[in-house]
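One structure below.
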Amino acid sequence: MNFPFYIARRYLISKKSHNAINWISGISVVGVAITTMALVVTLSVFNGFHDMVATFFTTLDPDLKITPTNGKFMRADDTLLQDIRKIDGIEGVYESIEDQALLIYGQNQKVVRLRGVDDKFQQLTKIDSITYGEGDFKLWDTQLDIEKSVSELVYEQVPCATLGIGVADDLGTGVNFTLPLNVFVPERDGQIDITNPEAGFSQAILYPSGVLFNVKQQKYDKNYIIVPISFARDLFGQEGMISALNIKANNVNEVKSKIESILGNKYRVSDLYEQQEDVFRIMKVEKLMAYIFLTFILIIACFNIISSLSMLIIDKKDDVITLRSLGANDRQISNIFLFEGRLISTLGAVIGIFIGILLCWLQETYGFVALGKSSGNFVVDAYPVSVHGWDIVLIFVTVVAVGFLSVCYPVHSLLKAKKT
């Protein structure tokens, strides 16, 4: 057995001549354990929110989304885009084009993201699962053409708008709006004339689809409406263009690699996480900051270890003299107290990790810590937690490393001072 480690282990569990040393050693272990437990719980809560947000991917988020690297639009008939449709593993593809537009309904108006989609959208996204209202989702409707129906009944196809439930609430349209829903977008190459501002805008009318969509995310519910792609192209003045090619795939990672090898740098291929990149980047930054702050608290907690070792060196000065007489060199004696400090930090890390995982399990199972006083106010009633193995490894390495480094200089300095 390693001689310095054996002596350090005996010092850790043996009774000292002064009870204060035992108390300070115990406090050191508790301080490290509490900080370690806080690291486990805090990082697990961030993981819980991360995993929960990942479950909020909606039918409006395709498995893979191809967008132009430069600009907002790309040609739908690009040969590269046509080639990727033949890749194995792709279940279906639908085109979309979107940009900002101004909606006016009666006296209310709102700037929204108008997304035009093709006929495959309904089949590939199953949007009917998130619609609210009587009837089914549709892009076009049949309406009697009054002007042409003087002598005979003539029907025409009219574009329908499916509004997010938040957009409908802001405009006051309800599910089936009765007044015309006017849409305005700036002319592509036009300039606004102050004397006649309407001349600088393209204008069109939309009709109700009979349903609203409810994603339960404000990003979509309060900002998006869905219309036919041909209507959106005409309105935006982007004939033959799209802003995204949306793909449903079996093996997303494999298909993504194949697509990237074909498209090169001309287009960007985004999976579900990359489409929500801003949200997940913020969460990662918040998690990193929490880890850094708690590590600083851990460093402060390790000062208790330094105090404990200082008193232990003073208490064991006679033992040091005896060990030197028996042939122990200065390095071996230093290692005894270094191992003592490392044992304290390691013991605190193990206890803290165990308690932290236990608390996370209790929270995940019983939800003791609630998000609000009454259920139903939030998407989940209790704080979500998710323990990740790599986080546990990182926490253990951090605690042990901080504990090891914190005792090196004090031990060498104190033993040197005692020797002189």
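How things are named: the first chain in the structure tokens is A, the next is B, and so on; residues count from 1 in each chain; ligands count from 1 in the order shown.
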Next on the checklist: Report as JSON, numbers by chain all protein, DNA and RNA residues lying within 7 Å of Asp99 of chain A, evaluated on only C-alpha atoms, omitting residues in the same chain fewer than 4 positions from it.
Outcome noted: {"A": [113, 114, 115]}
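The environment of Asp169 of chain A within 12 Å, counting only C-alpha atoms and disregarding residues fewer than 4 places along the same chain, consists of Tyr105, Asn108, Gln109, Lys110, Leu163, Gly164, Ile165, Thr173, Gly174, Val175, Phe177, Leu212, Phe213, Asn214, Asp221, Lys222 and Asn223 of chain A.
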Go ahead and write the selection's residues with all heavy atoms as a tab-separated table (two decimals), in the first residue's frame.
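Here's the written file result39.tsv:
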chain	number	residue	atom	x	y	z
A	105	TYR	N	-57.53	43.84	-40.46
A	105	TYR	CA	-58.87	43.27	-40.32
A	105	TYR	C	-59.73	44.28	-39.57
A	105	TYR	O	-59.55	44.49	-38.36
A	105	TYR	CB	-58.82	41.95	-39.56
A	105	TYR	CG	-60.17	41.28	-39.42
A	105	TYR	CD1	-60.75	40.62	-40.50
A	105	TYR	CD2	-60.86	41.33	-38.21
A	105	TYR	CE1	-61.98	40.01	-40.37
A	105	TYR	CE2	-62.09	40.71	-38.08
A	105	TYR	CZ	-62.66	40.06	-39.16
A	105	TYR	OH	-63.89	39.46	-39.05
A	108	ASN	N	-58.22	46.68	-36.88
A	108	ASN	CA	-57.02	46.09	-36.28
A	108	ASN	C	-55.99	45.75	-37.35
A	108	ASN	O	-56.34	45.41	-38.48
A	108	ASN	CB	-57.39	44.81	-35.51
A	108	ASN	CG	-58.38	45.08	-34.40
A	108	ASN	OD1	-58.30	46.12	-33.75
A	108	ASN	ND2	-59.32	44.17	-34.20
A	109	GLN	N	-54.73	45.85	-36.99
A	109	GLN	CA	-53.66	45.49	-37.90
A	109	GLN	C	-52.50	44.86	-37.13
A	109	GLN	O	-52.32	45.11	-35.95
A	109	GLN	CB	-53.17	46.72	-38.67
A	109	GLN	CG	-52.63	47.85	-37.81
A	109	GLN	CD	-52.23	49.07	-38.64
A	109	GLN	OE1	-52.53	49.15	-39.82
A	109	GLN	NE2	-51.54	50.00	-38.02
A	110	LYS	N	-51.73	44.03	-37.85
A	110	LYS	CA	-50.64	43.32	-37.20
A	110	LYS	C	-49.62	42.89	-38.26
A	110	LYS	O	-50.00	42.44	-39.35
A	110	LYS	CB	-51.17	42.08	-36.47
A	110	LYS	CG	-50.11	41.27	-35.74
A	110	LYS	CD	-50.72	40.11	-35.00
A	110	LYS	CE	-49.65	39.28	-34.29
A	110	LYS	NZ	-48.93	40.05	-33.25
A	163	LEU	N	-54.63	31.05	-39.56
A	163	LEU	CA	-53.93	31.95	-38.64
A	163	LEU	C	-53.51	31.20	-37.38
A	163	LEU	O	-54.18	30.27	-36.93
A	163	LEU	CB	-54.82	33.13	-38.25
A	163	LEU	CG	-54.97	34.29	-39.23
A	163	LEU	CD1	-55.61	33.84	-40.54
A	163	LEU	CD2	-55.80	35.41	-38.60
A	164	GLY	N	-52.38	31.65	-36.82
A	164	GLY	CA	-52.03	31.20	-35.47
A	164	GLY	C	-53.07	31.75	-34.50
A	164	GLY	O	-53.62	32.84	-34.70
A	165	ILE	N	-53.33	31.00	-33.45
A	165	ILE	CA	-54.39	31.39	-32.53
A	165	ILE	C	-54.12	32.74	-31.87
A	165	ILE	O	-55.03	33.52	-31.60
A	165	ILE	CB	-54.61	30.29	-31.46
A	165	ILE	CG1	-55.91	30.52	-30.71
A	165	ILE	CG2	-53.42	30.21	-30.51
A	165	ILE	CD1	-56.31	29.33	-29.84
A	173	THR	N	-60.28	38.20	-35.24
A	173	THR	CA	-60.96	37.59	-36.39
A	173	THR	C	-61.88	36.44	-35.99
A	173	THR	O	-62.86	36.15	-36.69
A	173	THR	CB	-59.93	37.04	-37.38
A	173	THR	OG1	-59.16	36.02	-36.74
A	173	THR	CG2	-59.01	38.14	-37.87
A	174	GLY	N	-61.56	35.76	-34.89
A	174	GLY	CA	-62.25	34.53	-34.60
A	174	GLY	C	-61.78	33.43	-35.54
A	174	GLY	O	-60.83	33.61	-36.31
A	175	VAL	N	-62.45	32.30	-35.53
A	175	VAL	CA	-62.06	31.19	-36.40
A	175	VAL	C	-62.47	31.48	-37.84
A	175	VAL	O	-61.68	31.36	-38.77
A	175	VAL	CB	-62.70	29.87	-35.92
A	175	VAL	CG1	-62.33	28.73	-36.85
A	175	VAL	CG2	-62.24	29.55	-34.50
A	177	PHE	N	-63.52	34.45	-39.99
A	177	PHE	CA	-63.69	35.89	-40.06
A	177	PHE	C	-64.64	36.24	-41.21
A	177	PHE	O	-64.61	35.63	-42.29
A	177	PHE	CB	-62.35	36.62	-40.22
A	177	PHE	CG	-61.40	36.01	-41.19
A	177	PHE	CD1	-61.42	36.35	-42.53
A	177	PHE	CD2	-60.45	35.09	-40.76
A	177	PHE	CE1	-60.52	35.80	-43.42
A	177	PHE	CE2	-59.54	34.53	-41.64
A	177	PHE	CZ	-59.58	34.88	-42.98
A	212	LEU	N	-57.88	27.40	-36.95
A	212	LEU	CA	-56.68	28.10	-36.48
A	212	LEU	C	-55.69	27.04	-36.02
A	212	LEU	O	-56.09	25.94	-35.61
A	212	LEU	CB	-57.00	29.04	-35.31
A	212	LEU	CG	-58.11	30.07	-35.53
A	212	LEU	CD1	-58.38	30.81	-34.21
A	212	LEU	CD2	-57.74	31.05	-36.61
A	213	PHE	N	-54.40	27.34	-36.08
A	213	PHE	CA	-53.43	26.39	-35.53
A	213	PHE	C	-52.94	26.88	-34.17
A	213	PHE	O	-52.82	28.08	-33.93
A	213	PHE	CB	-52.26	26.12	-36.49
A	213	PHE	CG	-51.32	27.28	-36.72
A	213	PHE	CD1	-50.33	27.60	-35.81
A	213	PHE	CD2	-51.43	28.05	-37.88
A	213	PHE	CE1	-49.46	28.65	-36.03
A	213	PHE	CE2	-50.56	29.10	-38.10
A	213	PHE	CZ	-49.57	29.40	-37.18
A	214	ASN	N	-52.69	25.92	-33.30
A	214	ASN	CA	-52.27	26.22	-31.93
A	214	ASN	C	-51.07	25.35	-31.59
A	214	ASN	O	-51.20	24.20	-31.19
A	214	ASN	CB	-53.42	25.95	-30.96
A	214	ASN	CG	-53.07	26.32	-29.53
A	214	ASN	OD1	-52.10	27.04	-29.29
A	214	ASN	ND2	-53.85	25.85	-28.59
A	221	ASP	N	-47.60	30.95	-32.77
A	221	ASP	CA	-49.02	31.27	-32.57
A	221	ASP	C	-49.32	32.75	-32.71
A	221	ASP	O	-50.41	33.12	-33.16
A	221	ASP	CB	-49.47	30.78	-31.18
A	221	ASP	CG	-49.45	29.27	-31.08
A	221	ASP	OD1	-49.50	28.61	-32.13
A	221	ASP	OD2	-49.39	28.75	-29.95
A	222	LYS	N	-48.40	33.62	-32.34
A	222	LYS	CA	-48.66	35.06	-32.37
A	222	LYS	C	-48.02	35.75	-33.58
A	222	LYS	O	-48.15	36.98	-33.70
A	222	LYS	CB	-48.16	35.72	-31.08
A	222	LYS	CG	-48.92	35.32	-29.84
A	222	LYS	CD	-48.47	36.12	-28.63
A	222	LYS	CE	-48.89	37.57	-28.72
A	222	LYS	NZ	-50.35	37.75	-28.62
A	223	ASN	N	-47.36	35.00	-34.45
A	223	ASN	CA	-46.64	35.67	-35.53
A	223	ASN	C	-46.83	35.05	-36.92
A	223	ASN	O	-46.49	35.69	-37.91
A	223	ASN	CB	-45.13	35.68	-35.22
A	223	ASN	CG	-44.80	36.52	-34.02
A	223	ASN	OD1	-44.88	37.73	-34.05
A	223	ASN	ND2	-44.43	35.86	-32.92
Checklist entry - For Pro68 of chain A, which of A:Phe137, A:Phe231, A:Phe49, A:Tyr267 is the closest residue, counting only C-alpha atoms? => result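 Of the candidates, the smallest distance to Pro68 of chain A is held by A:Tyr267.
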Sorted per-residue table, segment 34-74 of chain A near segment 275-285 of chain A, closest atoms and distance, 8 Å, only C-alpha atoms, as JSON lines:
{"residue": "A:Phe46", "atom": "CA", "partner": "A:Met283", "partner_atom": "CA", "distance": 7.4}
{"residue": "A:His50", "atom": "CA", "partner": "A:Met283", "partner_atom": "CA", "distance": 7.1}
{"residue": "A:Asp61", "atom": "CA", "partner": "A:Gln275", "partner_atom": "CA", "distance": 7.8}
{"residue": "A:Lys65", "atom": "CA", "partner": "A:Gln275", "partner_atom": "CA", "distance": 7.8}
Item to check | Nearest residue to Lys72 of chain A from the set A:Leu60, A:Gln238, A:Ile130, A:Asp88 (distances using only C-alpha atoms) | outcome: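 So, comparing all the options, the nearest one is A:Gln238.
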Item to check | Residue set, segment 87-318 of chain A restricted to strand (DSSP E or B), as a PyMOL selection string | outcome: chain A and resi 90-105+108-117+131-132+140-144+155-164+181-186+193+196+201-213+224-228+241-242+244-249+267-270
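Compared by their closest atoms to Glu239 of chain A, and using only C-alpha atoms, the residues A:Phe73, A:Ile84, A:Pro208, A:Ser308 rank with A:Phe73 nearest.
Between atom CA of Val387 of chain A and atom CA of Val252 of chain A lies a distance of 25.2 Å.
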Next on the checklist: Need to verify the contact set: Cys160 of chain A, 12 Å, only C-alpha atoms, exclusion of same-chain residues closer than 3 positions in sequence. Can you return it as an MDAnalysis selection string?
Outcome noted: chainID A and resid 116:117 136:143 157 163 176:177 180:182 204:212 225:232
Checklist entry - Looking at only C-alpha atoms, which of A:Leu394, A:Val185, A:Leu64, A:Ile242 is the one that sits closest to Asp118 of chain A? => result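 With only C-alpha atoms as the atom set, the closest residue is A:Ile242.
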Checklist entry - atom CA of Ile306 of chain A to atom CA of Leu358 of chain A: how many Å, to one decimal? => result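 Here the two named atoms are 29.1 Å from each other.
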Write out as a PDB file with all heavy atoms, in the first residue's frame each polymer residue whose atoms come within 9 Å of Val29 of chain A, counting only C-alpha atoms; drop sequence neighbours fewer than 2 positions from it.
ATOM      1  N   ILE A  24     -13.595  20.806  11.943  1.00  0.00           N
ATOM      2  CA  ILE A  24     -13.245  21.553  10.726  1.00  0.00           C
ATOM      3  C   ILE A  24     -13.118  20.602   9.532  1.00  0.00           C
ATOM      4  O   ILE A  24     -13.544  20.919   8.416  1.00  0.00           O
ATOM      5  CB  ILE A  24     -11.941  22.350  10.933  1.00  0.00           C
ATOM      6  CG1 ILE A  24     -12.161  23.450  11.980  1.00  0.00           C
ATOM      7  CG2 ILE A  24     -11.465  22.967   9.628  1.00  0.00           C
ATOM      8  CD1 ILE A  24     -10.907  24.218  12.334  1.00  0.00           C
ATOM      9  N   SER A  25     -12.569  19.416   9.758  1.00  0.00           N
ATOM     10  CA  SER A  25     -12.486  18.425   8.689  1.00  0.00           C
ATOM     11  C   SER A  25     -13.877  18.015   8.219  1.00  0.00           C
ATOM     12  O   SER A  25     -14.149  17.891   7.015  1.00  0.00           O
ATOM     13  CB  SER A  25     -11.700  17.196   9.148  1.00  0.00           C
ATOM     14  OG  SER A  25     -10.372  17.537   9.485  1.00  0.00           O
ATOM     15  N   GLY A  26     -14.759  17.807   9.191  1.00  0.00           N
ATOM     16  CA  GLY A  26     -16.141  17.458   8.845  1.00  0.00           C
ATOM     17  C   GLY A  26     -16.835  18.572   8.084  1.00  0.00           C
ATOM     18  O   GLY A  26     -17.556  18.334   7.104  1.00  0.00           O
ATOM     19  N   ILE A  27     -16.609  19.814   8.554  1.00  0.00           N
ATOM     20  CA  ILE A  27     -17.208  20.968   7.868  1.00  0.00           C
ATOM     21  C   ILE A  27     -16.666  21.085   6.444  1.00  0.00           C
ATOM     22  O   ILE A  27     -17.395  21.435   5.507  1.00  0.00           O
ATOM     23  CB  ILE A  27     -16.943  22.254   8.667  1.00  0.00           C
ATOM     24  CG1 ILE A  27     -17.722  22.228   9.990  1.00  0.00           C
ATOM     25  CG2 ILE A  27     -17.327  23.491   7.853  1.00  0.00           C
ATOM     26  CD1 ILE A  27     -17.384  23.366  10.929  1.00  0.00           C
ATOM     27  N   GLY A  31     -18.977  21.120   3.269  1.00  0.00           N
ATOM     28  CA  GLY A  31     -18.960  22.267   2.340  1.00  0.00           C
ATOM     29  C   GLY A  31     -18.756  21.828   0.902  1.00  0.00           C
ATOM     30  O   GLY A  31     -19.456  22.297  -0.008  1.00  0.00           O
ATOM     31  N   VAL A  32     -17.797  20.914   0.699  1.00  0.00           N
ATOM     32  CA  VAL A  32     -17.562  20.407  -0.658  1.00  0.00           C
ATOM     33  C   VAL A  32     -18.775  19.618  -1.147  1.00  0.00           C
ATOM     34  O   VAL A  32     -19.179  19.730  -2.311  1.00  0.00           O
ATOM     35  CB  VAL A  32     -16.293  19.540  -0.689  1.00  0.00           C
ATOM     36  CG1 VAL A  32     -16.127  18.878  -2.063  1.00  0.00           C
ATOM     37  CG2 VAL A  32     -15.063  20.365  -0.358  1.00  0.00           C
ATOM     38  N   ALA A  33     -19.374  18.826  -0.255  1.00  0.00           N
ATOM     39  CA  ALA A  33     -20.530  18.009  -0.640  1.00  0.00           C
ATOM     40  C   ALA A  33     -21.716  18.881  -1.049  1.00  0.00           C
ATOM     41  O   ALA A  33     -22.398  18.600  -2.042  1.00  0.00           O
ATOM     42  CB  ALA A  33     -20.920  17.077   0.509  1.00  0.00           C
ATOM     43  N   ILE A  34     -21.965  19.947  -0.279  1.00  0.00           N
ATOM     44  CA  ILE A  34     -23.103  20.827  -0.598  1.00  0.00           C
ATOM     45  C   ILE A  34     -22.894  21.517  -1.942  1.00  0.00           C
ATOM     46  O   ILE A  34     -23.816  21.608  -2.758  1.00  0.00           O
ATOM     47  CB  ILE A  34     -23.301  21.856   0.531  1.00  0.00           C
ATOM     48  CG1 ILE A  34     -23.810  21.167   1.800  1.00  0.00           C
ATOM     49  CG2 ILE A  34     -24.280  22.951   0.094  1.00  0.00           C
ATOM     50  CD1 ILE A  34     -23.923  22.085   2.992  1.00  0.00           C
ATOM     51  N   ASN A 304     -11.878  25.835   3.588  1.00  0.00           N
ATOM     52  CA  ASN A 304     -12.037  25.057   4.819  1.00  0.00           C
ATOM     53  C   ASN A 304     -11.046  23.907   4.858  1.00  0.00           C
ATOM     54  O   ASN A 304     -10.548  23.532   5.926  1.00  0.00           O
ATOM     55  CB  ASN A 304     -13.470  24.512   4.911  1.00  0.00           C
ATOM     56  CG  ASN A 304     -14.483  25.592   5.231  1.00  0.00           C
ATOM     57  OD1 ASN A 304     -14.182  26.532   5.954  1.00  0.00           O
ATOM     58  ND2 ASN A 304     -15.681  25.461   4.669  1.00  0.00           N
ATOM     59  N   ILE A 305     -10.766  23.331   3.688  1.00  0.00           N
ATOM     60  CA  ILE A 305      -9.788  22.245   3.630  1.00  0.00           C
ATOM     61  C   ILE A 305      -8.408  22.765   4.022  1.00  0.00           C
ATOM     62  O   ILE A 305      -7.657  22.110   4.755  1.00  0.00           O
ATOM     63  CB  ILE A 305      -9.751  21.632   2.216  1.00  0.00           C
ATOM     64  CG1 ILE A 305     -11.132  21.099   1.819  1.00  0.00           C
ATOM     65  CG2 ILE A 305      -8.715  20.513   2.141  1.00  0.00           C
ATOM     66  CD1 ILE A 305     -11.190  20.525   0.411  1.00  0.00           C
ATOM     67  N   ILE A 344     -10.391  14.521   1.457  1.00  0.00           N
ATOM     68  CA  ILE A 344     -11.525  15.349   1.889  1.00  0.00           C
ATOM     69  C   ILE A 344     -12.347  15.800   0.683  1.00  0.00           C
ATOM     70  O   ILE A 344     -13.580  15.705   0.676  1.00  0.00           O
ATOM     71  CB  ILE A 344     -11.031  16.559   2.704  1.00  0.00           C
ATOM     72  CG1 ILE A 344     -10.458  16.094   4.049  1.00  0.00           C
ATOM     73  CG2 ILE A 344     -12.168  17.564   2.932  1.00  0.00           C
ATOM     74  CD1 ILE A 344      -9.820  17.219   4.856  1.00  0.00           C
ATOM     75  N   SER A 345     -11.663  16.312  -0.366  1.00  0.00           N
ATOM     76  CA  SER A 345     -12.378  16.796  -1.544  1.00  0.00           C
ATOM     77  C   SER A 345     -13.054  15.647  -2.289  1.00  0.00           C
ATOM     78  O   SER A 345     -14.191  15.786  -2.770  1.00  0.00           O
ATOM     79  CB  SER A 345     -11.421  17.542  -2.473  1.00  0.00           C
ATOM     80  OG  SER A 345     -10.382  16.697  -2.924  1.00  0.00           O
ATOM     81  N   THR A 346     -12.386  14.493  -2.388  1.00  0.00           N
ATOM     82  CA  THR A 346     -12.982  13.351  -3.078  1.00  0.00           C
ATOM     83  C   THR A 346     -14.187  12.818  -2.328  1.00  0.00           C
ATOM     84  O   THR A 346     -15.223  12.505  -2.930  1.00  0.00           O
ATOM     85  CB  THR A 346     -11.936  12.227  -3.253  1.00  0.00           C
ATOM     86  OG1 THR A 346     -10.806  12.732  -3.971  1.00  0.00           O
ATOM     87  CG2 THR A 346     -12.530  11.064  -4.019  1.00  0.00           C
ATOM     88  N   LEU A 347     -14.050  12.714  -0.988  1.00  0.00           N
ATOM     89  CA  LEU A 347     -15.174  12.249  -0.175  1.00  0.00           C
ATOM     90  C   LEU A 347     -16.357  13.204  -0.305  1.00  0.00           C
ATOM     91  O   LEU A 347     -17.510  12.775  -0.463  1.00  0.00           O
ATOM     92  CB  LEU A 347     -14.747  12.129   1.284  1.00  0.00           C
ATOM     93  CG  LEU A 347     -15.813  11.617   2.261  1.00  0.00           C
ATOM     94  CD1 LEU A 347     -16.271  10.224   1.875  1.00  0.00           C
ATOM     95  CD2 LEU A 347     -15.265  11.628   3.698  1.00  0.00           C
ATOM     96  N   GLY A 348     -16.071  14.505  -0.266  1.00  0.00           N
ATOM     97  CA  GLY A 348     -17.148  15.489  -0.429  1.00  0.00           C
ATOM     98  C   GLY A 348     -17.796  15.388  -1.801  1.00  0.00           C
ATOM     99  O   GLY A 348     -19.014  15.511  -1.936  1.00  0.00           O
ATOM    100  N   ALA A 349     -16.983  15.135  -2.836  1.00  0.00           N
ATOM    101  CA  ALA A 349     -17.512  15.013  -4.197  1.00  0.00           C
ATOM    102  C   ALA A 349     -18.436  13.811  -4.315  1.00  0.00           C
ATOM    103  O   ALA A 349     -19.526  13.896  -4.898  1.00  0.00           O
ATOM    104  CB  ALA A 349     -16.364  14.913  -5.190  1.00  0.00           C
ATOM    105  N   ILE A 351     -20.058  12.161  -1.890  1.00  0.00           N
ATOM    106  CA  ILE A 351     -21.289  12.362  -1.105  1.00  0.00           C
ATOM    107  C   ILE A 351     -22.203  13.353  -1.809  1.00  0.00           C
ATOM    108  O   ILE A 351     -23.429  13.145  -1.909  1.00  0.00           O
ATOM    109  CB  ILE A 351     -20.938  12.851   0.314  1.00  0.00           C
ATOM    110  CG1 ILE A 351     -20.175  11.766   1.079  1.00  0.00           C
ATOM    111  CG2 ILE A 351     -22.204  13.246   1.074  1.00  0.00           C
ATOM    112  CD1 ILE A 351     -19.659  12.211   2.437  1.00  0.00           C
TER     113      ILE A 351
END
Item to check | Best match for closeness to Ala301 of chain A among A:Gln122, A:Ser406, A:Ser44, A:Thr178, counting only C-alpha atoms | outcome: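 Using only C-alpha atoms, Ala301 of chain A sits closest to A:Ser406.
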Item to check | helix (DSSP H, G or I) positions in segment 189-271 of chain A, given as a PyMOL selection string | outcome: chain A and resi 197-200+218-221+229-236+252-263
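Every protein, DNA or RNA residue with an atom at most 7 Å from Met37 of chain A, where only C-alpha atoms count and chain neighbours fewer than 4 positions away do not, is listed here: Ala33, Val41, Gly352, Ile353, Ile355 and Gly356 of chain A.
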